[in-house]
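input08.cif (mmCIF, C-alpha atoms, pLDDT in the B column; chains and numbers go by the auth columns) appears below.
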```cif
data_entry
loop_
_atom_site.group_PDB
_atom_site.id
_atom_site.type_symbol
_atom_site.label_atom_id
_atom_site.label_comp_id
_atom_site.label_asym_id
_atom_site.label_seq_id
_atom_site.Cartn_x
_atom_site.Cartn_y
_atom_site.Cartn_z
_atom_site.B_iso_or_equiv
_atom_site.auth_seq_id
_atom_site.auth_asym_id
ATOM 1 C CA MET A 1 -65.447 -101.778 107.155 41.00 1 A
ATOM 2 C CA LYS A 2 -65.830 -98.064 106.556 53.00 2 A
ATOM 3 C CA THR A 3 -67.381 -95.943 109.260 51.00 3 A
ATOM 4 C CA LYS A 4 -70.830 -94.593 108.596 51.00 4 A
ATOM 5 C CA ASN A 5 -71.106 -90.954 109.624 55.00 5 A
ATOM 6 C CA TYR A 6 -74.099 -88.769 110.370 49.00 6 A
ATOM 7 C CA ALA A 7 -74.973 -85.103 109.936 58.00 7 A
ATOM 8 C CA PHE A 8 -78.323 -83.458 110.416 56.00 8 A
ATOM 9 C CA GLY A 9 -80.847 -81.146 108.763 68.00 9 A
ATOM 10 C CA GLN A 10 -84.308 -79.694 109.244 71.00 10 A
ATOM 11 C CA VAL A 11 -87.715 -79.421 107.609 75.00 11 A
ATOM 12 C CA ARG A 12 -87.524 -77.001 104.703 76.00 12 A
ATOM 13 C CA GLU A 13 -91.231 -76.183 104.466 76.00 13 A
ATOM 14 C CA ILE A 14 -94.677 -77.746 104.792 86.00 14 A
ATOM 15 C CA PRO A 15 -96.472 -77.552 101.421 85.00 15 A
ATOM 16 C CA LYS A 16 -100.129 -76.535 101.351 89.00 16 A
ATOM 17 C CA ASN A 17 -101.163 -79.743 99.557 93.00 17 A
ATOM 18 C CA VAL A 18 -99.244 -81.999 101.944 93.00 18 A
ATOM 19 C CA GLU A 19 -102.317 -84.041 102.905 94.00 19 A
ATOM 20 C CA GLU A 20 -102.774 -85.096 99.289 94.00 20 A
ATOM 21 C CA THR A 21 -99.128 -85.647 98.378 95.00 21 A
ATOM 22 C CA ARG A 22 -97.715 -86.745 101.774 96.00 22 A
ATOM 23 C CA THR A 23 -94.505 -85.147 100.494 95.00 23 A
ATOM 24 C CA ILE A 24 -92.317 -82.798 102.551 93.00 24 A
ATOM 25 C CA PRO A 25 -88.950 -81.314 101.533 92.00 25 A
ATOM 26 C CA PHE A 26 -86.092 -81.310 104.029 90.00 26 A
ATOM 27 C CA VAL A 27 -82.768 -79.514 103.915 87.00 27 A
ATOM 28 C CA ILE A 28 -80.742 -82.551 104.887 87.00 28 A
ATOM 29 C CA SER A 29 -77.289 -80.977 104.555 86.00 29 A
ATOM 30 C CA ASP A 30 -75.544 -77.802 103.431 82.00 30 A
ATOM 31 C CA GLY A 31 -72.018 -76.541 103.049 79.00 31 A
ATOM 32 C CA SER A 32 -71.875 -74.543 106.258 80.00 32 A
ATOM 33 C CA LYS A 33 -69.795 -75.466 109.287 79.00 33 A
ATOM 34 C CA ASP A 34 -71.915 -77.514 111.666 74.00 34 A
ATOM 35 C CA ARG A 35 -71.867 -77.726 115.449 68.00 35 A
ATOM 36 C CA HIS A 36 -69.497 -80.698 115.251 71.00 36 A
ATOM 37 C CA CYS A 37 -66.912 -78.447 113.547 79.00 37 A
ATOM 38 C CA THR A 38 -67.186 -80.235 110.207 84.00 38 A
ATOM 39 C CA VAL A 39 -68.042 -79.095 106.683 87.00 39 A
ATOM 40 C CA LEU A 40 -69.846 -81.116 104.001 87.00 40 A
ATOM 41 C CA SER A 41 -69.427 -79.259 100.729 88.00 41 A
ATOM 42 C CA SER A 42 -72.263 -79.688 98.252 87.00 42 A
ATOM 43 C CA ASP A 43 -69.885 -80.689 95.443 90.00 43 A
ATOM 44 C CA GLY A 44 -68.526 -83.619 97.451 92.00 44 A
ATOM 45 C CA TRP A 45 -71.668 -85.770 97.382 93.00 45 A
ATOM 46 C CA ASP A 46 -71.979 -88.971 95.344 94.00 46 A
ATOM 47 C CA LEU A 47 -75.756 -89.332 95.030 95.00 47 A
ATOM 48 C CA GLU A 48 -75.988 -91.893 92.240 94.00 48 A
ATOM 49 C CA PRO A 49 -76.125 -95.018 94.478 92.00 49 A
ATOM 50 C CA TYR A 50 -78.851 -93.448 96.618 94.00 50 A
ATOM 51 C CA SER A 51 -80.928 -92.535 93.575 93.00 51 A
ATOM 52 C CA GLN A 52 -81.160 -96.241 92.742 93.00 52 A
ATOM 53 C CA ASN A 53 -82.635 -97.096 96.146 91.00 53 A
ATOM 54 C CA GLY A 54 -83.962 -93.873 97.613 94.00 54 A
ATOM 55 C CA ILE A 55 -85.416 -94.908 100.956 92.00 55 A
ATOM 56 C CA VAL A 56 -86.129 -92.752 103.997 95.00 56 A
ATOM 57 C CA GLY A 57 -85.866 -94.309 107.435 92.00 57 A
ATOM 58 C CA TYR A 58 -86.606 -93.602 111.051 91.00 58 A
ATOM 59 C CA MET A 59 -83.642 -93.332 113.449 85.00 59 A
ATOM 60 C CA HIS A 60 -81.331 -95.019 110.926 82.00 60 A
ATOM 61 C CA ASN A 61 -82.892 -98.415 111.591 79.00 61 A
ATOM 62 C CA VAL A 62 -83.098 -99.036 107.839 72.00 62 A
ATOM 63 C CA MET A 63 -79.682 -100.715 108.084 59.00 63 A
ATOM 64 C CA GLY A 64 -81.168 -103.437 110.306 55.00 64 A
ATOM 65 C CA GLY A 65 -82.743 -103.825 113.719 51.00 65 A
ATOM 66 C CA GLY A 66 -81.348 -102.309 116.860 50.00 66 A
ATOM 67 C CA MET A 67 -79.226 -104.353 119.246 47.00 67 A
ATOM 68 C CA CYS A 68 -82.274 -105.770 121.017 51.00 68 A
ATOM 69 C CA ASP A 69 -84.742 -105.454 118.133 57.00 69 A
ATOM 70 C CA GLU A 70 -85.302 -107.544 115.065 64.00 70 A
ATOM 71 C CA PRO A 71 -85.190 -105.840 111.641 70.00 71 A
ATOM 72 C CA ASP A 72 -88.548 -104.261 110.841 82.00 72 A
ATOM 73 C CA PRO A 73 -89.545 -103.221 107.300 88.00 73 A
ATOM 74 C CA ASP A 74 -91.748 -100.487 108.760 90.00 74 A
ATOM 75 C CA PHE A 75 -88.623 -98.559 109.775 90.00 75 A
ATOM 76 C CA VAL A 76 -88.478 -97.687 106.073 94.00 76 A
ATOM 77 C CA ILE A 77 -91.090 -94.958 106.296 95.00 77 A
ATOM 78 C CA GLY A 78 -90.956 -93.500 102.809 96.00 78 A
ATOM 79 C CA LYS A 79 -89.064 -92.788 99.638 96.00 79 A
ATOM 80 C CA GLY A 80 -86.771 -89.897 98.922 96.00 80 A
ATOM 81 C CA ILE A 81 -85.513 -87.914 95.958 96.00 81 A
ATOM 82 C CA VAL A 82 -82.297 -86.040 96.692 95.00 82 A
ATOM 83 C CA THR A 83 -81.063 -83.012 94.753 93.00 83 A
ATOM 84 C CA ILE A 84 -78.607 -80.182 95.269 93.00 84 A
ATOM 85 C CA GLU A 85 -80.077 -76.690 95.163 89.00 85 A
ATOM 86 C CA LYS A 86 -77.983 -73.578 95.760 86.00 86 A
ATOM 87 C CA GLY A 87 -75.378 -75.477 97.742 86.00 87 A
ATOM 88 C CA ARG A 88 -77.900 -77.363 99.881 87.00 88 A
ATOM 89 C CA LEU A 89 -78.766 -81.048 99.804 90.00 89 A
ATOM 90 C CA ILE A 90 -82.563 -81.326 99.573 91.00 90 A
ATOM 91 C CA GLY A 91 -84.435 -84.516 100.404 92.00 91 A
ATOM 92 C CA LEU A 92 -87.951 -84.651 98.969 94.00 92 A
ATOM 93 C CA THR A 93 -89.650 -87.153 101.275 94.00 93 A
ATOM 94 C CA THR A 94 -92.878 -88.989 100.463 97.00 94 A
ATOM 95 C CA PHE A 95 -94.240 -90.846 103.485 97.00 95 A
ATOM 96 C CA GLU A 96 -95.836 -94.263 103.075 97.00 96 A
ATOM 97 C CA PRO A 97 -99.640 -94.320 103.478 96.00 97 A
ATOM 98 C CA ALA A 98 -101.188 -95.298 106.789 95.00 98 A
ATOM 99 C CA GLU A 99 -102.748 -98.486 105.421 96.00 99 A
ATOM 100 C CA ILE A 100 -99.356 -100.060 104.808 96.00 100 A
ATOM 101 C CA ASN A 101 -97.291 -98.445 107.561 96.00 101 A
ATOM 102 C CA GLU A 102 -98.765 -97.092 110.787 96.00 102 A
ATOM 103 C CA LEU A 103 -95.321 -95.955 111.957 95.00 103 A
ATOM 104 C CA ALA A 104 -94.873 -93.839 108.843 96.00 104 A
ATOM 105 C CA GLU A 105 -98.277 -92.263 109.459 97.00 105 A
ATOM 106 C CA LYS A 106 -97.382 -91.428 113.063 97.00 106 A
ATOM 107 C CA ILE A 107 -94.065 -89.845 112.071 95.00 107 A
ATOM 108 C CA PHE A 108 -95.762 -87.945 109.246 96.00 108 A
ATOM 109 C CA ARG A 109 -98.283 -86.501 111.729 96.00 109 A
ATOM 110 C CA LYS A 110 -95.547 -85.619 114.196 95.00 110 A
ATOM 111 C CA VAL A 111 -93.649 -83.770 111.470 93.00 111 A
ATOM 112 C CA LEU A 112 -96.792 -81.790 110.633 93.00 112 A
ATOM 113 C CA PHE A 113 -97.355 -81.086 114.324 93.00 113 A
ATOM 114 C CA GLY A 114 -93.755 -79.963 114.742 90.00 114 A
ATOM 115 C CA THR A 115 -92.509 -82.388 117.376 90.00 115 A
ATOM 116 C CA LEU A 116 -90.362 -84.159 114.782 89.00 116 A
ATOM 117 C CA LYS A 117 -88.511 -81.892 112.364 87.00 117 A
ATOM 118 C CA SER A 118 -84.918 -83.107 112.214 86.00 118 A
ATOM 119 C CA THR A 119 -83.231 -85.373 109.700 87.00 119 A
ATOM 120 C CA SER A 120 -79.884 -87.114 109.690 84.00 120 A
ATOM 121 C CA VAL A 121 -77.919 -88.259 106.649 85.00 121 A
ATOM 122 C CA GLY A 122 -75.909 -91.456 106.812 85.00 122 A
ATOM 123 C CA PHE A 123 -72.827 -91.486 104.608 86.00 123 A
ATOM 124 C CA ILE A 124 -69.390 -93.019 104.153 86.00 124 A
ATOM 125 C CA GLU A 125 -66.238 -91.196 103.129 86.00 125 A
ATOM 126 C CA LEU A 126 -64.890 -92.164 99.717 91.00 126 A
ATOM 127 C CA GLU A 127 -61.720 -90.172 100.238 89.00 127 A
ATOM 128 C CA GLU A 128 -59.978 -88.709 103.245 87.00 128 A
ATOM 129 C CA GLY A 129 -60.822 -85.142 104.121 89.00 129 A
ATOM 130 C CA GLN A 130 -58.558 -82.592 105.752 90.00 130 A
ATOM 131 C CA TYR A 131 -58.453 -80.043 108.518 91.00 131 A
ATOM 132 C CA GLY A 132 -58.350 -76.365 107.737 92.00 132 A
ATOM 133 C CA GLN A 133 -55.382 -74.064 108.133 93.00 133 A
ATOM 134 C CA GLY A 134 -54.506 -71.521 110.777 92.00 134 A
ATOM 135 C CA ASP A 135 -56.973 -71.562 113.642 92.00 135 A
ATOM 136 C CA GLU A 136 -58.974 -74.240 111.756 91.00 136 A
ATOM 137 C CA ALA A 137 -56.071 -76.709 111.945 90.00 137 A
ATOM 138 C CA LEU A 138 -56.269 -79.821 114.129 85.00 138 A
ATOM 139 C CA GLY A 139 -56.118 -78.615 117.728 82.00 139 A
ATOM 140 C CA GLY A 140 -56.726 -75.001 116.730 86.00 140 A
ATOM 141 C CA VAL A 141 -59.174 -72.710 118.477 87.00 141 A
ATOM 142 C CA ASN A 142 -61.554 -73.018 115.520 88.00 142 A
ATOM 143 C CA GLU A 143 -60.705 -76.604 114.529 88.00 143 A
ATOM 144 C CA THR A 144 -62.626 -77.545 111.381 89.00 144 A
ATOM 145 C CA TYR A 145 -62.661 -80.807 109.418 89.00 145 A
ATOM 146 C CA TYR A 146 -63.563 -80.649 105.719 91.00 146 A
ATOM 147 C CA TYR A 147 -64.953 -83.937 104.452 90.00 147 A
ATOM 148 C CA GLY A 148 -63.741 -85.201 101.087 92.00 148 A
ATOM 149 C CA GLU A 149 -65.939 -87.013 98.576 94.00 149 A
ATOM 150 C CA ARG A 150 -68.654 -89.069 100.268 91.00 150 A
ATOM 151 C CA GLU A 151 -71.468 -91.427 99.325 93.00 151 A
ATOM 152 C CA LEU A 152 -74.975 -90.870 100.649 92.00 152 A
ATOM 153 C CA LEU A 153 -76.349 -94.147 102.010 90.00 153 A
ATOM 154 C CA GLU A 154 -79.684 -93.034 103.419 90.00 154 A
ATOM 155 C CA TYR A 155 -81.328 -90.325 105.440 90.00 155 A
ATOM 156 C CA SER A 156 -83.721 -90.629 108.341 90.00 156 A
ATOM 157 C CA ILE A 157 -86.210 -88.683 110.396 90.00 157 A
ATOM 158 C CA VAL A 158 -84.681 -88.584 113.874 87.00 158 A
ATOM 159 C CA ASN A 159 -85.661 -87.535 117.381 82.00 159 A
ATOM 160 C CA ILE A 160 -82.280 -85.993 118.149 70.00 160 A
ATOM 161 C CA PRO A 161 -79.694 -85.397 115.412 59.00 161 A
ATOM 162 C CA SER A 162 -76.824 -87.864 115.631 45.00 162 A
ATOM 163 C CA ASN A 163 -73.188 -87.087 116.258 35.00 163 A
ATOM 164 C CA ARG A 164 -71.003 -87.355 113.167 37.00 164 A
ATOM 165 C CA ASN A 165 -68.848 -90.022 114.824 30.00 165 A
ATOM 166 C CA ALA A 166 -71.746 -92.426 115.317 29.00 166 A
ATOM 167 C CA GLN A 167 -71.191 -95.711 113.517 29.00 167 A
ATOM 168 C CA VAL A 168 -73.273 -98.250 111.649 29.00 168 A
ATOM 169 C CA ARG A 169 -76.013 -99.637 113.892 32.00 169 A
ATOM 170 C CA SER A 170 -74.600 -103.148 113.809 33.00 170 A
ATOM 171 C CA MET A 171 -74.392 -105.498 116.780 35.00 171 A
ATOM 172 C CA ARG A 172 -70.638 -105.085 117.000 37.00 172 A
ATOM 173 C CA ASN A 173 -70.650 -101.282 116.994 39.00 173 A
ATOM 174 C CA GLU A 174 -73.813 -100.701 118.995 42.00 174 A
ATOM 175 C CA ALA A 175 -72.658 -103.055 121.748 47.00 175 A
ATOM 176 C CA ALA A 176 -69.091 -101.745 121.889 49.00 176 A
ATOM 177 C CA GLY A 177 -69.673 -99.892 125.152 50.00 177 A
ATOM 178 C CA ALA A 178 -71.181 -102.937 126.826 60.00 178 A
ATOM 179 C CA LEU A 179 -68.428 -105.240 125.562 60.00 179 A
ATOM 180 C CA SER A 180 -65.861 -102.817 126.947 58.00 180 A
ATOM 181 C CA TYR A 181 -67.695 -102.941 130.253 60.00 181 A
ATOM 182 C CA VAL A 182 -67.476 -106.758 130.276 66.00 182 A
ATOM 183 C CA ARG A 183 -63.767 -106.549 129.467 65.00 183 A
ATOM 184 C CA GLN A 184 -63.243 -104.109 132.326 63.00 184 A
ATOM 185 C CA GLN A 185 -65.117 -106.354 134.759 65.00 185 A
ATOM 186 C CA LEU A 186 -62.900 -109.268 133.689 67.00 186 A
ATOM 187 C CA GLY A 187 -59.776 -107.294 134.512 64.00 187 A
ATOM 188 C CA HIS A 188 -58.754 -106.761 130.874 65.00 188 A
ATOM 189 C CA LYS A 189 -57.660 -110.409 130.692 68.00 189 A
ATOM 190 C CA TYR A 190 -59.347 -110.896 127.303 69.00 190 A
ATOM 191 C CA ARG A 191 -59.429 -109.007 124.048 68.00 191 A
ATOM 192 C CA LEU A 192 -62.768 -107.612 122.866 61.00 192 A
ATOM 193 C CA SER A 193 -62.713 -110.010 119.911 63.00 193 A
ATOM 194 C CA GLN A 194 -62.364 -112.937 122.334 71.00 194 A
ATOM 195 C CA ILE A 195 -65.263 -111.755 124.488 70.00 195 A
ATOM 196 C CA GLU A 196 -67.407 -111.225 121.412 64.00 196 A
ATOM 197 C CA ASN A 197 -66.910 -114.871 120.412 69.00 197 A
ATOM 198 C CA MET A 198 -67.709 -116.339 123.840 70.00 198 A
ATOM 199 C CA SER A 199 -70.986 -118.042 124.619 68.00 199 A
ATOM 200 C CA VAL A 200 -73.404 -116.396 127.024 64.00 200 A
ATOM 201 C CA ARG A 201 -72.640 -119.056 129.628 67.00 201 A
ATOM 202 C CA ASP A 202 -68.900 -118.460 129.263 69.00 202 A
ATOM 203 C CA VAL A 203 -69.320 -114.739 129.956 68.00 203 A
ATOM 204 C CA LEU A 204 -71.633 -115.292 132.914 67.00 204 A
ATOM 205 C CA ASP A 205 -69.253 -117.844 134.416 67.00 205 A
ATOM 206 C CA LEU A 206 -66.319 -115.494 133.991 67.00 206 A
ATOM 207 C CA LEU A 207 -68.227 -112.654 135.631 63.00 207 A
ATOM 208 C CA HIS A 208 -68.875 -114.978 138.568 62.00 208 A
ATOM 209 C CA GLY A 209 -65.176 -115.774 138.932 61.00 209 A
ATOM 210 C CA LYS A 210 -65.082 -119.162 137.219 60.00 210 A
ATOM 211 C CA ASP A 211 -62.333 -120.221 134.828 53.00 211 A
ATOM 212 C CA VAL A 212 -63.745 -121.340 131.483 46.00 212 A
ATOM 213 C CA GLU A 213 -62.385 -122.261 128.087 45.00 213 A
ATOM 214 C CA ILE A 214 -63.056 -119.785 125.286 40.00 214 A
ATOM 215 C CA PHE A 215 -65.061 -121.240 122.416 43.00 215 A
ATOM 216 C CA ASN A 216 -65.317 -119.724 118.956 43.00 216 A
ATOM 217 C CA LYS A 217 -69.064 -119.201 118.768 43.00 217 A
ATOM 218 C CA THR A 218 -71.449 -116.779 117.117 50.00 218 A
ATOM 219 C CA PRO A 219 -71.824 -113.249 118.578 51.00 219 A
ATOM 220 C CA ASP A 220 -75.608 -113.769 118.578 57.00 220 A
ATOM 221 C CA GLU A 221 -75.269 -115.279 122.040 55.00 221 A
ATOM 222 C CA ILE A 222 -73.489 -112.152 123.233 52.00 222 A
ATOM 223 C CA ARG A 223 -76.347 -110.116 121.782 54.00 223 A
ATOM 224 C CA ALA A 224 -78.773 -112.178 123.874 56.00 224 A
ATOM 225 C CA LEU A 225 -76.641 -111.582 126.956 52.00 225 A
ATOM 226 C CA LEU A 226 -76.544 -107.847 126.397 51.00 226 A
ATOM 227 C CA CYS A 227 -80.324 -107.731 126.092 54.00 227 A
ATOM 228 C CA GLU A 228 -81.058 -109.985 129.066 53.00 228 A
ATOM 229 C CA ASN A 229 -78.403 -109.017 131.600 53.00 229 A
ATOM 230 C CA VAL A 230 -79.826 -106.186 133.704 48.00 230 A
ATOM 231 C CA VAL A 231 -76.481 -104.652 134.680 51.00 231 A
ATOM 232 C CA LEU A 232 -75.214 -104.502 131.131 53.00 232 A
ATOM 233 C CA ARG A 233 -78.511 -103.201 129.782 53.00 233 A
ATOM 234 C CA GLU A 234 -78.529 -100.392 132.340 55.00 234 A
ATOM 235 C CA HIS A 235 -74.973 -99.584 131.292 54.00 235 A
ATOM 236 C CA ILE A 236 -76.007 -99.418 127.625 53.00 236 A
ATOM 237 C CA GLU A 237 -78.960 -97.161 128.430 56.00 237 A
ATOM 238 C CA ARG A 238 -76.685 -94.900 130.464 57.00 238 A
ATOM 239 C CA LEU A 239 -74.259 -94.663 127.543 56.00 239 A
ATOM 240 C CA ASN A 240 -77.125 -93.844 125.184 56.00 240 A
ATOM 241 C CA ARG A 241 -78.298 -91.040 127.471 56.00 241 A
ATOM 242 C CA VAL A 242 -74.794 -89.582 127.611 53.00 242 A
ATOM 243 C CA LEU A 243 -74.415 -89.746 123.816 52.00 243 A
ATOM 244 C CA SER A 244 -77.839 -88.132 123.345 53.00 244 A
ATOM 245 C CA SER A 245 -76.960 -85.294 125.699 52.00 245 A
ATOM 246 C CA LYS A 246 -73.824 -84.576 123.635 46.00 246 A
ATOM 247 C CA SER A 247 -75.671 -84.556 120.281 48.00 247 A
#
```
Give the structure from this file in structure tokens form.
Amino acid sequence: MKTKNYAFGQVREIPKNVEETRTIPFVISDGSKDRHCTVLSSDGWDLEPYSQNGIVGYMHNVMGGGMCDEPDPDFVIGKGIVTIEKGRLIGLTTFEPAEINELAEKIFRKVLFGTLKSTSVGFIELEEGQYGQGDEALGGVNETYYYGERELLEYSIVNIPSNRNAQVRSMRNEAAGALSYVRQQLGHKYRLSQIENMSVRDVLDLLHGKDVEIFNKTPDEIRALLCENVVLREHIERLNRVLSSKS
């Protein structure tokens, strides 16, 4: 599965008739070097797939629920039209009305107030990029990665812009830190894929020093464990705080 990457943008302007239209333009990407030392050239975007299903999300939850949350259609907070203007990727965002989505209304008001103003584009690489030359080469003092052609999947209003190396918010990826923690606590006796296919009871018994047989079961039970086990949940929250501080 290809890695989904993220890059961020900002509100472009607040139109005077915004209360009537509920539409706000965002600069969701440009061709300049970002703080993650990467470059997304405007001519490298494949926008056709997005134009067929132009949704705007909140915190990238449009791909599904979070690890401990069920999918929620209200995380789709509006519709977007994406164009390229003078080397910048512009997302024209129309927020859903309050009567069908209270979350969209709240985010809309927060954008107008100014407490929410960042966006993040989710995309996958269609071809491998390359590092620059000289001091922009890999390991150089000004290391810079130039993305190749990429497909826009969605863009979201976000609290804190995401790191470009963040992955799809799937159970497997989102829980990777916690699964690694379980593996560490078990003395690296099992592969991550084995732990992921254990039952909740198997994992708990192993953590308590019991020998159990590994069964090939659904990872949904591991998801339940990660949400219910206090130690693991605290570990996940700690990881999230660290990742947020680095964004």
Show which residues sit within 7 Å of stretch 49-62 of chain A, as a compact mmCIF listing (two decimals) with C-alpha atoms, in the coordinates of the input. Count all atoms listed in the file, and ignore same-chain residues fewer than 2 positions away.
```txt
# COMPACT_ATOMS: atom_id res chain seq x y z
CA LEU A 47 -75.76 -89.33 95.03
CA GLY A 64 -81.17 -103.44 110.31
CA GLY A 65 -82.74 -103.82 113.72
CA GLY A 66 -81.35 -102.31 116.86
CA PHE A 75 -88.62 -98.56 109.78
CA VAL A 76 -88.48 -97.69 106.07
CA ILE A 77 -91.09 -94.96 106.30
CA GLY A 78 -90.96 -93.50 102.81
CA LYS A 79 -89.06 -92.79 99.64
CA GLY A 80 -86.77 -89.90 98.92
CA ILE A 81 -85.51 -87.91 95.96
CA LEU A 152 -74.97 -90.87 100.65
CA LEU A 153 -76.35 -94.15 102.01
CA GLU A 154 -79.68 -93.03 103.42
CA TYR A 155 -81.33 -90.32 105.44
CA SER A 156 -83.72 -90.63 108.34
CA ILE A 157 -86.21 -88.68 110.40
CA VAL A 158 -84.68 -88.58 113.87
```
*Neighbourhood query: residues within 6 Å of (-64.5, -77.2, 113.6), file coordinates, counting only C-alpha atoms; return as a PyMOL selection string.*
chain A and resi 37-38+142-145
*Calculate how many Å separate atom CA of A:Arg88 from atom CA of A:Thr119, rounding to one decimal.*
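So the two atoms, atom CA of A:Arg88 and atom CA of A:Thr119, lie 13.7 Å apart.
Each of A:Ile124, A:Val27, A:Ile107, A:Val18 was compared to A:Lys86 using all atoms listed in the file, and A:Val27 turns out to be the nearest.
Reported to one decimal place, the separation of atom CA of A:Asn159 from atom CA of A:Thr115 is 8.6 Å.
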*Nearest to A:Arg22, chosen from A:Glu48, A:Pro71, A:Pro97, A:Leu40, with only C-alpha atoms counted in the distances*: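 Closest candidate: A:Pro97.
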*Which one of A:Ala104, A:Ile90, A:Val39, A:Val82 sits closest to A:Arg12 if you count all atoms listed in the file?*
A:Ile90
Please determine an axis-aligned box that encloses all atoms of stretch 123-136 of chain A listed in the file, with 6 Å added on each side, and express its centre and edge lengths in Å to one decimal as AutoDock Vina command-line options.
```
--center_x -63.7 --center_y -82.3 --center_z 106.7 --size_x 30.3 --size_y 33.5 --size_z 25.9
```
*Given all atoms listed in the file as the counted atoms, nearest of A:Gly91, A:Pro73, A:Gly134, A:Pro15 to A:Leu112*: A:Pro15
*One-decimal distance in Å that lies between atom CA of A:Thr23 and atom CA of A:Gly122*: 20.6 Å
*asked:* Expand the PyMOL selection byres ((chain A and resi 44) around 8) into the explicit residue set it covers here, and present it as a VMD selection string.
replied: chain A and resid 40 to 43 45 to 46 147 to 150
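Residues lying at most 7 Å from (-59.2, -85.9, 106.5) in file coordinates, with all atoms listed in the file considered, are Glu128, Gly129, Gln130, Tyr131, Tyr145, Tyr146 and Tyr147 of chain A.
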